[in-house]
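Quick notes on the structure that follows.
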Amino acid sequence: MDNRAEIREFLASRRAKITPEQVGLPAGTGLRRVPGLRREEVAVLAGVSTDWYVRLEKGHIDGVSDDVLDAVARALHLDDAERLHLFNLARAAKPQRANRTRRTPPALHDSVRRVIDAMSTPAFVRNGRLDVLAINTLGRALYAPVFEDPTRPANMARFCFLDPASQTFYPDWAQVARATVAVLRAAAGRDPHDRDLTDLVGELATRSDVFRTEWASHNVTLHQHGHKHFQHPIVGRIDVTFDSMPLPADPGLTLTAYSTEPGSPSEQALNLLASWTAPGEQPNPTRTGETTR
């Protein structure tokens, strides 16, 4: 991915979202060619010259100090995810980072696999391109439709955009699609030279109009905590809270665990699913209505 183009399009997309009134500037007269702030207005708010900001928005970000990036982030009202993305883009622009080789995927420690296997709730480990690298038994039962595709590792982004079953599995599919793209966009900002991620983005952009449109929005997310909703083919509706955390010993990998409200129908549904995945049981969680063990 072209780092300069990423910087230019990200900053321009954030600038377009803010009106002069939102930042205390007069609206001025005359028709604006584009929505949002002008470059010179961002420069004023950030305390830099217009020429300097224009150069920055063209992608010349290498060597820019953290203080200046912070000033630009404040001027554009960036949230935490967007601010981190801007800093990642700046870090990736440094020449010594420009390694375009296909890298060896980060290894997952066996101890992490043992941890998620011991968890009583659905849990899995993914990388930045949303490959599922490890998942416990209950997690796999919950995500049974994702694993219908024999390709390994299973990929949640490919399932979301290329498998029609995802639109039934996720009751709020449009929201899931936006979040999926935002996670991939953030990963691309951390490492624009990750060829495996670039290949996936290219595949999805070629095959999915929705993905292509969402990718062009340049939205990013930290995706650390929130709620997810599933329409499971066997136990029906399941609403969970998710918590995600990076694995310091396994750079680039994230552990995600789900939980349900105590006493809720979702907890009961998850407990039922867990009973079918207990040792000695033979669940077939792929067809609605099949409960034969």
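Ligands are numbered from 1 in the order shown, residues from 1 within each chain, and chains are lettered A, B, ... in the order they appear in the structure tokens.
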
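DSSP secondary structure from the backbone places Ala123, Phe124, Val125, Arg126, Val132, Leu133, Ala134 and Ile135 of chain A of stretch 71-168 of chain A in strand (DSSP E).
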
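Proximity to A:Leu184 was assessed for A:Ser259, A:Ser13, A:Asn219, A:Thr137 counting only C-alpha atoms; the smallest distance is recorded for A:Asn219.
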
Counting only C-alpha atoms, the residue among A:Pro153, A:Pro145, A:Pro171, A:Pro164 that lies closest to A:Ile234 is A:Pro145

Who sits within 12 Å of A:Asp199, only C-alpha atoms, same chain under 6 positions skipped, as number ranges by chain
A: 1, 102, 129, 158, 184, 188, 192-193, 205-206

Residues from the last selection, C-alpha atoms, saved as a short mmCIF file (atom, residue, chain, number, x, y, z; two decimals), in the first residue's frame:
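And here's part-v3.cif as it stands now:
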data_model
loop_
_atom_site.label_atom_id
_atom_site.label_comp_id
_atom_site.auth_asym_id
_atom_site.auth_seq_id
_atom_site.Cartn_x
_atom_site.Cartn_y
_atom_site.Cartn_z
CA MET A 1 0.00 0.00 0.00
CA ARG A 102 6.57 -11.24 2.84
CA ARG A 129 -5.92 -9.36 8.91
CA ARG A 158 -13.53 -12.98 4.05
CA LEU A 184 -8.23 -3.92 8.64
CA ALA A 188 -2.75 -1.43 7.31
CA PRO A 192 1.41 -0.81 5.05
CA HIS A 193 4.00 -3.24 3.67
CA ALA A 205 -12.04 -4.85 -2.89
CA THR A 206 -12.27 -6.77 -6.15
#

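One distance worth recording is that between atom CA of A:Pro122 and atom CA of A:Leu138, which is 5.1 Å.
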
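When only C-alpha atoms are used to measure the gap to A:Arg178, the shortest distance among A:Ala5, A:Ala157, A:Ala134, A:Leu253 belongs to A:Ala157.
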
Margin query: What's around A:Gln22 at 12 Å? Count only C-alpha atoms, leave out sequence neighbours fewer than 5 positions away in its own chain, and write the answer as a ChimeraX atom specification.
Written below: /A:15,17,27,36-37,45,75-77

Would you mind exporting the chosen residues as a JSON list (two decimals), in the first residue's frame, restricted to C-alpha atoms?
[["chain", "number", "residue", "atom", "x", "y", "z"],
["A", 15, "ARG", "CA", -10.87, 17.23, 7.36],
["A", 17, "LYS", "CA", -15.96, 15.63, 8.38],
["A", 27, "ALA", "CA", -18.18, 29.88, 7.92],
["A", 36, "GLY", "CA", -15.51, 20.35, 5.82],
["A", 37, "LEU", "CA", -12.48, 22.46, 6.65],
["A", 45, "LEU", "CA", -6.04, 25.44, 14.26],
["A", 75, "ALA", "CA", -7.31, 20.36, 15.08],
["A", 76, "LEU", "CA", -9.07, 17.53, 13.26],
["A", 77, "HIS", "CA", -10.84, 16.29, 16.42]]

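Every residue of stretch 191-271 of chain A with a DSSP assignment of helix (DSSP H, G or I), taken from the backbone, is listed as Arg195, Asp196, Leu197, Thr198, Asp199, Leu200, Val201, Gly202, Glu203, Leu204, Ala205, Thr206, Arg207, Asp209, Val210, Phe211, Arg212, Thr213, Glu214, Trp215, Pro265, Ser266, Glu267, Gln268, Ala269, Leu270 and Asn271 of chain A.
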
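You can rank A:Ala92, A:Ala216, A:Val115, A:Leu270 by their closest distance to A:Gln231 using only C-alpha atoms, and at the top of that list sits A:Leu270.
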
If you count only C-alpha atoms, the residue of A:Asp51, A:Asp67, A:Glu267, A:Glu214 closest to A:Thr180 turns out to be A:Glu214

Counting only C-alpha atoms, what is within 12 Å of A:Ala249, bar same-chain residues fewer than 6 positions away, as a tab-separated table (two decimals) with C-alpha atoms, in the first residue's frame?
chain	number	residue	atom	x	y	z
A	106	PRO	CA	4.05	-14.10	14.25
A	107	ALA	CA	4.15	-17.33	16.24
A	108	LEU	CA	1.56	-18.08	18.88
A	109	HIS	CA	2.93	-19.44	22.14
A	110	ASP	CA	1.54	-22.80	23.22
A	111	SER	CA	0.82	-21.31	26.64
A	112	VAL	CA	-1.68	-18.91	25.04
A	255	LEU	CA	-6.90	-12.28	22.17

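Counting only C-alpha atoms, A:Lys94 has the following residues at most 9 Å away, ignoring those fewer than 4 positions along the same chain: Ile61, Asp62, Gly63, Ala90 and Ala98 of chain A.
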
Selection file, N, CA and C atoms, as a PDB file, in the first residue's frame:
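So the final result, stored in selection-v9.pdb, reads:
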ATOM      1  N   ILE A  61       5.339  13.093   5.795  1.00  0.00           N
ATOM      2  CA  ILE A  61       5.140  13.033   7.237  1.00  0.00           C
ATOM      3  C   ILE A  61       6.361  12.529   7.984  1.00  0.00           C
ATOM      4  N   ASP A  62       7.317  11.934   7.271  1.00  0.00           N
ATOM      5  CA  ASP A  62       8.508  11.395   7.908  1.00  0.00           C
ATOM      6  C   ASP A  62       9.283  12.521   8.605  1.00  0.00           C
ATOM      7  N   GLY A  63       9.615  12.314   9.853  1.00  0.00           N
ATOM      8  CA  GLY A  63      10.389  13.296  10.594  1.00  0.00           C
ATOM      9  C   GLY A  63       9.560  14.328  11.333  1.00  0.00           C
ATOM     10  N   ALA A  90       2.754   7.794  10.403  1.00  0.00           N
ATOM     11  CA  ALA A  90       4.023   8.533  10.465  1.00  0.00           C
ATOM     12  C   ALA A  90       5.183   7.584  10.720  1.00  0.00           C
ATOM     13  N   ALA A  98      10.471   0.526   5.575  1.00  0.00           N
ATOM     14  CA  ALA A  98       9.937   0.159   4.262  1.00  0.00           C
ATOM     15  C   ALA A  98      10.480  -1.181   3.780  1.00  0.00           C
TER      16      ALA A  98
END

Residues within 10 Å of A:Val64, please, as a count of residues only. Count only C-alpha atoms; anything in the same chain fewer than 6 positions from it doesn't count. 4

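A straight line drawn from atom CA of A:Val240 to atom CA of A:Ala186 is 23.5 Å long.
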
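Distances from A:Ser208, A:Asn155, A:Thr277, A:Thr168 to A:Arg237 were compared using only C-alpha atoms, and the smallest one belongs to A:Thr168.
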